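Data from target25.txt: compact mmCIF, C-alpha atoms
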# COMPACT_ATOMS: atom_id res chain seq x y z
CA MET A 1 0.00 0.00 0.00
CA LYS A 2 1.43 3.33 -1.00
CA LEU A 3 1.18 6.07 1.60
CA ARG A 4 0.32 9.56 0.47
CA SER A 5 1.98 12.57 2.04
CA HIS A 6 -0.04 15.45 3.48
CA PRO A 7 2.05 18.64 3.08
CA PRO A 8 -0.42 20.93 4.91
CA ILE A 9 -0.52 18.62 7.94
CA LEU A 10 3.26 18.17 8.00
CA ALA A 11 3.80 21.92 7.70
CA ALA A 12 1.41 22.59 10.55
CA ALA A 13 3.17 20.02 12.75
CA ALA A 14 6.55 21.56 11.99
CA LEU A 15 5.20 25.00 12.88
CA VAL A 16 3.93 23.73 16.23
CA VAL A 17 7.34 22.24 17.03
CA LEU A 18 9.08 25.47 16.04
CA LEU A 19 6.80 27.62 18.17
CA THR A 20 7.24 25.27 21.10
CA LEU A 21 10.99 25.74 20.91
CA LEU A 22 11.07 29.48 20.29
CA LEU A 23 7.99 30.85 22.03
CA PRO A 24 7.55 29.30 25.48
CA VAL A 25 5.04 32.02 26.40
CA VAL A 26 2.21 29.72 27.39
CA CYS A 27 4.11 28.77 30.54
CA PRO A 28 3.83 30.88 33.69
CA ALA A 29 6.75 33.19 34.44
CA GLN A 30 7.92 30.98 37.29
CA GLY A 31 8.75 28.33 34.72
CA LEU A 32 10.52 30.68 32.31
CA CYS A 33 14.24 31.15 32.50
CA PRO A 34 16.12 33.96 30.73
CA ARG A 35 18.97 32.97 28.44
CA VAL A 36 22.24 34.56 29.57
CA LYS A 37 24.03 36.00 26.53
CA PHE A 38 27.21 37.31 28.17
CA VAL A 39 29.00 38.12 31.41
CA ASN A 40 31.67 40.81 31.23
CA GLN A 41 34.32 41.85 33.74
CA GLY A 42 35.62 45.40 33.87
CA ASP A 43 37.41 47.78 36.20
CA LYS A 44 35.40 47.55 39.44
CA ARG A 45 32.47 46.50 37.28
CA LEU A 46 30.58 43.33 36.36
CA GLU A 47 27.93 43.05 33.66
CA ILE A 48 25.38 40.38 32.77
CA GLY A 49 23.21 40.37 29.65
CA TRP A 50 20.22 38.15 28.93
CA THR A 51 17.13 37.72 26.77
CA MET A 52 13.80 35.92 26.95
CA GLY A 53 13.80 35.47 23.19
CA VAL A 54 10.33 37.05 23.03
CA ASP A 55 8.69 40.34 23.96
CA GLU A 56 7.92 40.38 27.68
CA ARG A 57 4.40 41.62 26.90
CA ASP A 58 3.65 38.25 25.35
CA ILE A 59 4.67 36.27 28.45
CA GLU A 60 1.81 35.11 30.62
CA ASP A 61 1.94 36.40 34.23
CA PHE A 62 5.34 38.04 33.70
CA GLY A 63 6.28 40.13 36.74
CA GLY A 64 9.84 41.15 35.95
CA TYR A 65 13.47 40.19 36.46
CA ARG A 66 15.69 39.67 39.44
CA VAL A 67 19.47 39.89 39.16
CA TRP A 68 21.39 37.98 41.84
CA VAL A 69 24.88 38.57 43.21
CA LYS A 70 27.03 36.32 45.36
CA GLU A 71 30.18 37.61 47.08
CA LEU A 72 32.02 34.31 47.07
CA TRP A 73 34.64 35.24 49.65
CA ASN A 74 31.94 36.37 52.06
CA SER A 75 28.85 34.22 51.50
CA GLU A 76 27.54 31.00 49.98
CA GLN A 77 24.15 32.56 49.26
CA PHE A 78 22.89 34.74 46.42
CA ASP A 79 21.72 38.22 47.42
CA LEU A 80 19.29 40.27 45.37
CA GLY A 81 21.33 42.78 43.39
CA ARG A 82 18.46 44.43 41.50
CA GLU A 83 14.77 43.84 40.78
CA TYR A 84 13.14 45.12 37.62
CA VAL A 85 9.34 45.30 37.81
CA TRP A 86 7.30 45.04 34.64
CA GLY A 87 4.86 47.96 34.41
CA GLU A 88 6.53 50.15 37.05
CA ASP A 89 6.16 53.71 35.73
CA ASP A 90 7.70 55.67 38.62
CA THR A 91 11.21 56.58 37.42
CA SER A 92 12.38 57.04 41.02
CA ALA A 93 11.18 53.60 42.12
CA ALA A 94 13.80 50.96 42.90
CA GLY A 95 12.25 48.50 40.45
CA TYR A 96 11.79 50.94 37.55
CA TRP A 97 13.14 50.12 34.10
CA SER A 98 12.14 51.66 30.80
CA PHE A 99 11.79 48.22 29.13
CA GLU A 100 12.51 49.32 25.59
CA PRO A 101 10.47 47.40 22.97
CA PHE A 102 11.77 43.91 22.31
CA TYR A 103 12.72 44.68 18.71
CA GLU A 104 14.82 47.65 19.87
CA ASP A 105 16.45 46.17 22.95
CA SER A 106 16.14 42.39 22.93
CA ILE A 107 19.11 41.91 25.28
CA ARG A 108 18.61 43.28 28.80
CA VAL A 109 21.77 44.30 30.65
CA PHE A 110 22.58 44.82 34.33
CA ALA A 111 25.87 46.43 35.43
CA LEU A 112 27.14 45.96 38.97
CA ARG A 113 29.47 48.84 39.85
CA SER A 114 31.85 49.61 42.72
CA VAL A 115 32.87 45.98 43.16
CA GLN A 116 36.38 45.01 44.21
CA ASN A 117 38.88 44.11 41.51
CA ALA A 118 40.33 40.60 41.81
CA PHE A 119 37.67 39.52 44.30
CA PRO A 120 35.46 36.55 43.32
CA TYR A 121 31.77 37.09 42.49
CA GLU A 122 28.94 35.11 40.93
CA LEU A 123 25.96 36.51 38.99
CA SER A 124 22.61 35.13 37.90
CA VAL A 125 19.23 36.33 36.61
CA THR A 126 15.67 34.98 36.98
CA THR A 127 12.08 36.00 36.33
CA PHE A 128 9.19 36.17 38.78
CA LYS A 129 5.40 36.02 38.54
CA ALA A 130 3.22 39.11 38.60
CA SER A 131 0.70 37.11 40.63
CA ASN A 132 3.33 35.98 43.14
CA GLU A 133 6.07 38.58 43.51
CA ASP A 134 7.69 36.65 46.37
CA SER A 135 8.40 33.64 44.19
CA VAL A 136 12.06 32.75 43.55
CA ASN A 137 12.94 30.52 40.61
CA GLU A 138 15.85 28.77 42.32
CA ALA A 139 16.35 26.18 39.58
CA CYS A 140 16.70 28.94 36.98
CA ARG A 141 19.06 30.86 39.27
CA GLU A 142 21.39 27.88 39.42
CA VAL A 143 21.20 27.24 35.67
CA ASN A 144 22.05 30.88 34.92
CA SER A 145 24.91 31.06 37.37
CA SER A 146 27.92 32.76 35.80
CA GLY A 147 30.41 30.77 37.82
CA THR A 148 33.27 32.64 39.43
CA VAL A 149 34.08 35.99 37.83
CA TYR A 150 36.64 38.59 38.86
CA PRO A 151 36.36 42.34 38.17
CA ARG A 152 39.54 43.48 36.46
CA TYR A 153 41.22 46.40 34.78
CA GLY A 154 41.80 44.63 31.50
CA VAL A 155 45.28 44.27 30.07
CA THR A 156 47.44 47.37 30.08
CA SER A 157 50.08 48.66 27.70
CA GLY A 158 52.31 49.83 30.53
CA LEU A 159 53.41 48.75 33.99
CA GLU A 160 52.40 51.74 36.10
CA ALA A 161 49.07 50.21 37.19
CA ILE A 162 50.55 47.00 38.66
CA GLU A 163 49.74 46.33 42.30
CA VAL A 164 49.17 43.42 44.67
CA ILE A 165 45.67 42.86 46.10
CA PRO A 166 45.24 42.63 49.04
CA ASN A 167 48.34 44.28 50.45
CA PRO A 168 48.96 43.61 53.26
CA TYR A 169 47.57 40.09 53.09
CA ARG A 170 45.95 38.82 56.29
CA ALA A 171 45.00 35.15 56.46
CA SER A 172 41.98 35.89 58.66
CA ALA A 173 40.50 38.55 56.34
CA ASP A 174 37.38 38.15 54.19
CA TRP A 175 39.60 37.81 51.13
CA GLU A 176 39.99 34.12 51.91
CA TYR A 177 37.79 32.11 49.55
CA GLY A 178 37.31 28.41 50.03
CA GLY A 179 40.43 28.20 52.18
CA GLN A 180 42.65 29.48 49.37
CA ARG A 181 45.64 31.55 50.47
CA ARG A 182 46.56 33.84 47.62
CA VAL A 183 47.08 37.37 46.41
CA ALA A 184 46.53 38.81 42.96
CA PHE A 185 48.86 40.83 40.79
CA VAL A 186 46.64 43.25 38.84
CA GLY A 187 47.29 45.82 36.14
CA LEU A 188 49.45 43.45 34.10
CA PRO A 189 50.01 43.58 30.33
CA SER A 190 49.01 40.55 28.26
CA ALA A 191 52.39 38.85 28.78
CA ALA A 192 54.81 39.28 31.67
CA THR A 193 57.10 37.40 34.03
CA ILE A 194 56.64 37.91 37.77
CA ARG A 195 59.49 37.14 40.15
CA ILE A 196 59.06 37.23 43.91
CA TYR A 197 62.05 37.63 46.25
CA THR A 198 62.78 37.80 49.95
CA THR A 199 64.27 41.03 51.29
CA ALA A 200 67.62 39.18 51.17
CA ALA A 201 67.16 38.91 47.37
CA ASP A 202 66.54 35.14 47.39
CA LEU A 203 64.21 34.08 44.58
CA VAL A 204 61.00 32.60 46.04
CA ARG A 205 58.69 32.11 43.06
CA THR A 206 58.49 32.75 39.34
CA LEU A 207 55.09 33.21 37.69
CA ARG A 208 54.40 33.55 33.99
CA HIS A 209 51.39 35.63 32.98
CA GLU A 210 49.99 35.09 29.48
CA ASP A 211 46.41 36.21 28.95
CA PRO A 212 45.26 38.62 26.20
CA GLU A 213 42.09 39.51 28.14
CA SER A 214 43.02 39.59 31.83
CA ASP A 215 45.36 41.82 33.80
CA GLN A 216 45.39 39.41 36.77
CA GLU A 217 47.73 36.67 37.91
CA PHE A 218 47.33 34.90 41.25
CA TRP A 219 50.10 33.84 43.61
CA ASP A 220 49.14 31.04 46.01
CA LEU A 221 51.73 32.19 48.57
CA LYS A 222 53.95 29.19 47.88
CA ASN A 223 57.53 28.99 46.70
CA ASP A 224 58.73 27.17 43.61
CA ASP A 225 58.96 23.93 45.66
CA GLY A 226 55.25 24.13 46.60
CA GLU A 227 55.91 25.13 50.22
CA GLU A 228 53.95 27.91 51.89
CA VAL A 229 56.00 31.04 52.44
CA ALA A 230 56.55 32.53 55.88
CA PRO A 231 54.98 35.84 56.94
CA GLY A 232 57.07 38.87 56.06
CA VAL A 233 57.89 41.41 53.39
CA TYR A 234 58.47 40.20 49.83
CA ILE A 235 59.84 42.07 46.84
CA TRP A 236 58.24 41.54 43.46
CA ALA A 237 59.57 42.37 40.00
CA VAL A 238 57.47 42.30 36.85
CA GLU A 239 59.23 42.19 33.49
CA ALA A 240 57.46 42.55 30.15
CA ASP A 241 59.27 42.29 26.83
CA GLY A 242 59.27 45.54 24.93
CA ILE A 243 57.70 47.44 27.85
CA GLY A 244 60.11 47.38 30.76
CA GLU A 245 60.23 46.35 34.41
CA ALA A 246 58.35 47.35 37.57
CA HIS A 247 59.02 46.64 41.26
CA GLY A 248 57.10 46.71 44.50
CA LYS A 249 56.57 45.14 47.91
CA ALA A 250 53.97 42.77 49.34
CA LEU A 251 53.41 42.21 53.05
CA ILE A 252 52.22 38.74 54.12
CA MET A 253 50.75 38.52 57.62
CA LYS A 254 49.36 35.59 59.60

Could you express the structure from this file as structure tokens?
Amino acid sequence: MKLRSHPPILAAAALVVLLTLLLPVVCPAQGLCPRVKFVNQGDKRLEIGWTMGVDERDIEDFGGYRVWVKELWNSEQFDLGREYVWGEDDTSAAGYWSFEPFYEDSIRVFALRSVQNAFPYELSVTTFKASNEDSVNEACREVNSSGTVYPRYGVTSGLEAIEVIPNPYRASADWEYGGQRRVAFVGLPSAATIRIYTTAADLVRTLRHEDPESDQEFWDLKNDDGEEVAPGVYIWAVEADGIGEAHGKALIMK
């Protein structure tokens, strides 16, 4: 028996599948999860961009967005960084956002300013229901987690911005993250060699920095043999081919 094809039926089925994939607007907002498009790190600045893929006006029970921030050295929990409320028309209100039309501004962006360079953060974004503003889409928050990100200067063309963070280093300070003892060299060019010495000019550690996007290189406070260094003052020297050399001091305290 020869089967006959039914183009109109097949086309309709394909359209249903396509709409299911691209337009999940029939679901309540609690079940919708924004798609994170990028996470950028800048000088004392972090930025997260996302989209729903559709105009928010077409989403059933859409209440708005929540952007979450976790200070990884200080907490294991996300804190609310900003809430954007759909329909809020008071420009002075905390939840106000102009919500440009989808076709003009399909990617929403949140910038977190005045953060600490070289400190670890984590960002995420979720939606919430208009009918239940207290709802938190925890599953979406985990899916959209940026992972660990560090604010940074960005690579430099000179050596004048190089510094050690934190300085002095205190083992009991909030800088500690997950038990990691380390400091960060920031303000580096894309390629440089870092040498760390005792005040008696004994070489302690050599680090090689090669990163076209980051100005940071971490030192785990160990020598070249993998042994933890003793508290005290250390001299560092940064050398970059074609640029020059810079020097400074780092104080390590218990």

Practice task
Find the residue from A:Pro168, A:Val125, A:Trp50, A:Val186 that sits nearest to Asp79 (chain A); use only C-alpha atoms when measuring.
Solution key: A:Val125

Fill in the blank from the handout: Residue with the minimum atom-to-atom distance to Glu56 (chain A), picked from A:Pro101, A:Gly95, A:Asp90, A:Glu71 with all atoms listed in the file counted, is A:Pro101

Problem - CA of Gly226 (chain A) to CA of Ala161 (chain A), straight-line distance in Å - result: 28.4 Å

Exercise for the section: Just give me the gap between CA of Ser131 (chain A) and CA of Tyr96 (chain A) in Å, one decimal is fine. Expected result: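 Value for the CA of Ser131 (chain A)-CA of Tyr96 (chain A) distance: 18.0 Å.
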
Problem - Counting only C-alpha atoms, the option among A:Glu227, A:Ile235, A:Arg82, A:Val136 closest to Ala94 (chain A) - result: A:Arg82

Could you name the residues that touch region 33-44 of chain A at 6 Å or less, counting all atoms listed in the file, but leaving out those on the same chain fewer than 6 positions away, as a PDB file with C-alpha atoms, in the frame of the given file?
ATOM      1  CA  TRP A  50      20.220  38.150  28.930  1.00  0.00           C
ATOM      2  CA  THR A  51      17.130  37.720  26.770  1.00  0.00           C
ATOM      3  CA  MET A  52      13.800  35.920  26.950  1.00  0.00           C
ATOM      4  CA  SER A 114      31.850  49.610  42.720  1.00  0.00           C
ATOM      5  CA  VAL A 115      32.870  45.980  43.160  1.00  0.00           C
ATOM      6  CA  GLN A 116      36.380  45.010  44.210  1.00  0.00           C
ATOM      7  CA  ASN A 117      38.880  44.110  41.510  1.00  0.00           C
ATOM      8  CA  CYS A 140      16.700  28.940  36.980  1.00  0.00           C
ATOM      9  CA  PRO A 151      36.360  42.340  38.170  1.00  0.00           C
ATOM     10  CA  ARG A 152      39.540  43.480  36.460  1.00  0.00           C
ATOM     11  CA  TYR A 153      41.220  46.400  34.780  1.00  0.00           C
TER      12      TYR A 153
END

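Proximity to Ala240 (chain A) was assessed for A:Ala201, A:Val85, A:Ile162, A:Ala111 counting all atoms listed in the file; the smallest distance is recorded for A:Ile162.
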
Residues within 9 Å of Phe110 (chain A), only C-alpha atoms, excluding chain neighbours under 6 positions, as a compact mmCIF listing (two decimals) with C-alpha atoms, in the frame of the given file:
# COMPACT_ATOMS: atom_id res chain seq x y z
CA LEU A 46 30.58 43.33 36.36
CA GLU A 47 27.93 43.05 33.66
CA ILE A 48 25.38 40.38 32.77
CA GLY A 49 23.21 40.37 29.65
CA TRP A 50 20.22 38.15 28.93
CA VAL A 67 19.47 39.89 39.16
CA ARG A 82 18.46 44.43 41.50

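Counting all atoms listed in the file and comparing A:Glu210, A:Glu217, A:Glu104, A:Glu228, the residue that lies closest to Val183 (chain A) is A:Glu217.
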
Practice task
Write out as an MDAnalysis selection string each polymer residue whose atoms come within 8 Å of Val54 (chain A), counting all atoms listed in the file; drop sequence neighbours fewer than 4 positions from it.
Solution key: chainID A and resid 23 58:59 102 106

Exercise for the section: To one decimal in Å, tell me the separation between CA of Arg45 (chain A) and CA of Leu159 (chain A). Expected result: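 Separation of CA of Arg45 (chain A) and CA of Leu159 (chain A): 21.3 Å.
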
Counting all atoms listed in the file, select every polymer residue within 12 Å of (21.3, 26.4, 41.6) as defined in the file's coordinates, and provide the selection as a PDB file with C-alpha atoms, in the coordinates of the input.
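Listing of selection-v2.pdb after writing:
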ATOM      1  CA  TRP A  68      21.390  37.980  41.840  1.00  0.00           C
ATOM      2  CA  GLU A  76      27.540  31.000  49.980  1.00  0.00           C
ATOM      3  CA  GLN A  77      24.150  32.560  49.260  1.00  0.00           C
ATOM      4  CA  PHE A  78      22.890  34.740  46.420  1.00  0.00           C
ATOM      5  CA  GLU A 122      28.940  35.110  40.930  1.00  0.00           C
ATOM      6  CA  LEU A 123      25.960  36.510  38.990  1.00  0.00           C
ATOM      7  CA  SER A 124      22.610  35.130  37.900  1.00  0.00           C
ATOM      8  CA  VAL A 125      19.230  36.330  36.610  1.00  0.00           C
ATOM      9  CA  THR A 126      15.670  34.980  36.980  1.00  0.00           C
ATOM     10  CA  VAL A 136      12.060  32.750  43.550  1.00  0.00           C
ATOM     11  CA  ASN A 137      12.940  30.520  40.610  1.00  0.00           C
ATOM     12  CA  GLU A 138      15.850  28.770  42.320  1.00  0.00           C
ATOM     13  CA  ALA A 139      16.350  26.180  39.580  1.00  0.00           C
ATOM     14  CA  CYS A 140      16.700  28.940  36.980  1.00  0.00           C
ATOM     15  CA  ARG A 141      19.060  30.860  39.270  1.00  0.00           C
ATOM     16  CA  GLU A 142      21.390  27.880  39.420  1.00  0.00           C
ATOM     17  CA  VAL A 143      21.200  27.240  35.670  1.00  0.00           C
ATOM     18  CA  ASN A 144      22.050  30.880  34.920  1.00  0.00           C
ATOM     19  CA  SER A 145      24.910  31.060  37.370  1.00  0.00           C
ATOM     20  CA  SER A 146      27.920  32.760  35.800  1.00  0.00           C
ATOM     21  CA  GLY A 147      30.410  30.770  37.820  1.00  0.00           C
TER      22      GLY A 147
END

Practice task
List every protein, DNA or RNA residue that has an atom no more than 12 Å from (53.2, 39.4, 60.0) in the file's coordinate frame, counting all atoms listed in the file, and report them as a PyMOL selection string.
Solution key: chain A and resi 167-172+229-234+250-254

Problem - Which of A:Leu80, A:Leu203, A:Ala130, A:Ala118 sits closest to Gly63 (chain A) [using all atoms listed in the file] - result: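 Smallest separation from Gly63 (chain A) among the options: A:Ala130.
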